[in-house]
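Student: Before I ask anything, here is the structure I am working with.
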Amino acid sequence: MLLGWWDTAARDLPWRRPDCTAWGVLISEIMLQQTPVSRVEPIWHEWLARWPVPSAMAASSQGEVLRMWGKLGYPRRAMRLHEAATAIARDHGDVVPSDIETLESLPGIGSYTARAVATFAYGQKCAVVDTNVRRVVARAVHGAGDAGPPSTKRDLRDVEAILPEDQHDAAVFSAALMELGALICTAKNQKCADCPLYTECAWQLAGRPAYAGPEKKVQKFAGTDRQVRGKLLDVLRGAPGPVPKIQLDVVWNDVTQREKCLVSLLSDGLVEQSHDGLFHLPGEGIVEQSHDSSPSARRIVQQSHDGLFPPPDRGIVQQSNKGTI
DNA sequence: CATCCGTGGGG
DNA sequence: TCCCCAAGGAT
């Protein structure tokens, strides 16, 4: 069945190897949220080499993490992972927690990721429900063409109901369910002929009826704030240091949307503005050696002016380093 | 519960 | 070309 198929068909991914730490598993799970394996794998290796333990990442700036994140997308994931690393180092002895409740209390870790870490890093027996699993269950168990809208409670119950008794088997089963959804029981162009569940799949036995549920909405991207934010952040990622606002202005014509997105990036902590008016990744502002008695003290250079942002009538964001008026 | 949050590759 | 995603989470 599924366990046998796993032994022969599972991909040899680095975060599945026996010597991979729970920290390595956690990083992979965060990166794999909405991002394909092929793009995650090389970055994952770089991250593990650079930050072998959570405290190592906690010691780096957020900007450094964002740079290493590169273009994996949804950079808030990187910010939250940095936050989580800080909390793990500070509150959990630099050890990734193993219980679902504690994991879920960490930023960026929801139901899926908490259960994935508990299962794949610690071998626990618990339901792991992602979009692949929901689709496999919808077909193999319910005979539907695809999963309907998520229903956390019901989805969890469905998977718990089919989990093997044995703890180790259950963990492998969970991984196999996801792998089946990723390789065979895909959303489109599914490879039923190669499926280990072919003879018992409810969908197959029912003649593979088309999906009947509510239509799934496809998110637009072109022209959205998401695209604009991506362009703005890409400028800062590509620059070695703080940049003047004019370099951000050129990436998008619509001034209103551009300003709105810049403000939202500042609000999200993905971008910072120095007192000299330049924009930079978080933690990468201009610093100078302090003249304080304490040798390690550093501070952001401050220039005299009336405030970070100019009065509303002069626009949203300060453009020069001359201060207001 | 619906919407928002990036990105690059495949059909 | 354009459309549709690909191992979610937070609000």
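To be explicit about the labels: the chains of the structure tokens are called A, B, and onward in the order shown, and within each one the residues are counted from 1, while ligands get numbers from 1 in the order they are shown.
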Could you give me, as a VMD selection string, the residues within 7 Å of segment 1-9 of chain B, counting only C-alpha atoms (C1' of nucleotides) and dropping anything in the same chain fewer than 6 positions from it?
Tutor: chain A and resid 71 to 74 226 230
Student: Go ahead and save the picked residues with N, CA and C atoms, as an mmCIF file, in the first residue's frame.
Tutor:
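Saved to selection-v8.cif:
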```cif
data_model
loop_
_atom_site.group_PDB
_atom_site.id
_atom_site.type_symbol
_atom_site.label_atom_id
_atom_site.label_comp_id
_atom_site.auth_asym_id
_atom_site.auth_seq_id
_atom_site.Cartn_x
_atom_site.Cartn_y
_atom_site.Cartn_z
ATOM 1 N N LYS A 71 14.339 35.280 -3.504
ATOM 2 C CA LYS A 71 13.065 35.445 -4.181
ATOM 3 C C LYS A 71 12.155 34.245 -3.993
ATOM 4 N N LEU A 72 12.195 33.674 -2.812
ATOM 5 C CA LEU A 72 11.289 32.551 -2.524
ATOM 6 C C LEU A 72 9.840 33.020 -2.444
ATOM 7 N N GLY A 73 9.652 34.314 -2.252
ATOM 8 C CA GLY A 73 8.293 34.839 -2.189
ATOM 9 C C GLY A 73 7.748 34.897 -0.769
ATOM 10 N N TYR A 74 6.718 35.725 -0.599
ATOM 11 C CA TYR A 74 6.119 35.912 0.736
ATOM 12 C C TYR A 74 7.189 36.121 1.808
ATOM 13 N N ARG A 226 0.682 43.159 -4.059
ATOM 14 C CA ARG A 226 1.668 42.091 -3.890
ATOM 15 C C ARG A 226 2.812 42.272 -4.895
ATOM 16 N N GLY A 230 6.631 43.489 -4.015
ATOM 17 C CA GLY A 230 7.728 42.642 -4.470
ATOM 18 C C GLY A 230 8.791 43.442 -5.204
#
```
Student: If we count only C-alpha atoms (C1' of nucleotides) and set the cut-off at 12 Å, which residues sit around Met31 of chain A, ignoring sequence neighbours fewer than 3 positions away in its own chain? Please answer as a PyMOL selection string.
Tutor: (chain A and resi 15+24-28+34-45+47+68-81+108-109+113) or (chain C and resi 6-8)
Student: Using only C-alpha atoms (C1' of nucleotides), which residues sit within 6 Å of segment 143-146 of chain A once same-chain residues fewer than 4 positions away are excluded, as a PyMOL selection string?
Tutor: chain A and resi 135+138-139+202-203+209-211
Student: Go through A:Val271, A:Leu281, A:Leu233, A:Leu197 one by one, measure the shortest atom-to-atom distance of each to chain B using only C-alpha atoms (C1' of nucleotides), and give the residue with the smallest value.
Tutor: A:Leu233
Student: Under the rule that only C-alpha atoms (C1' of nucleotides) are counted, which of A:Val141, A:Met178, A:Val172, A:Ala85 is the nearest residue to chain C?
Tutor: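 Closest residue, counting only C-alpha atoms (C1' of nucleotides): A:Met178.
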Student: Which neighbours of DC4 of chain C fall inside 10 Å, counting only C-alpha atoms (C1' of nucleotides), when residues of the same chain fewer than 4 positions from it are skipped, and could you give them as a PyMOL selection string?
Tutor: (chain A and resi 218-219) or (chain B and resi 10-11)
Student: Run DSSP on the backbone and grab whatever in segment 115-321 of chain A lands in strand (DSSP E or B); send it over as a list of chain:residue names.
Tutor: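 For segment 115-321 of chain A, the strand (DSSP E or B) set is A:Val243, A:Glu272, A:Gln273, A:Phe279, A:His280, A:Val287, A:Glu288, A:Gln289, A:Arg298, A:Arg299, A:Ile300.
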Student: Using Å and a single decimal, report how far atom CA of Cys195 of chain A sits from atom CA of Leu180 of chain A.
Tutor: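 Answer for the atom CA of Leu180 of chain A to atom CA of Cys195 of chain A separation: 7.9 Å.
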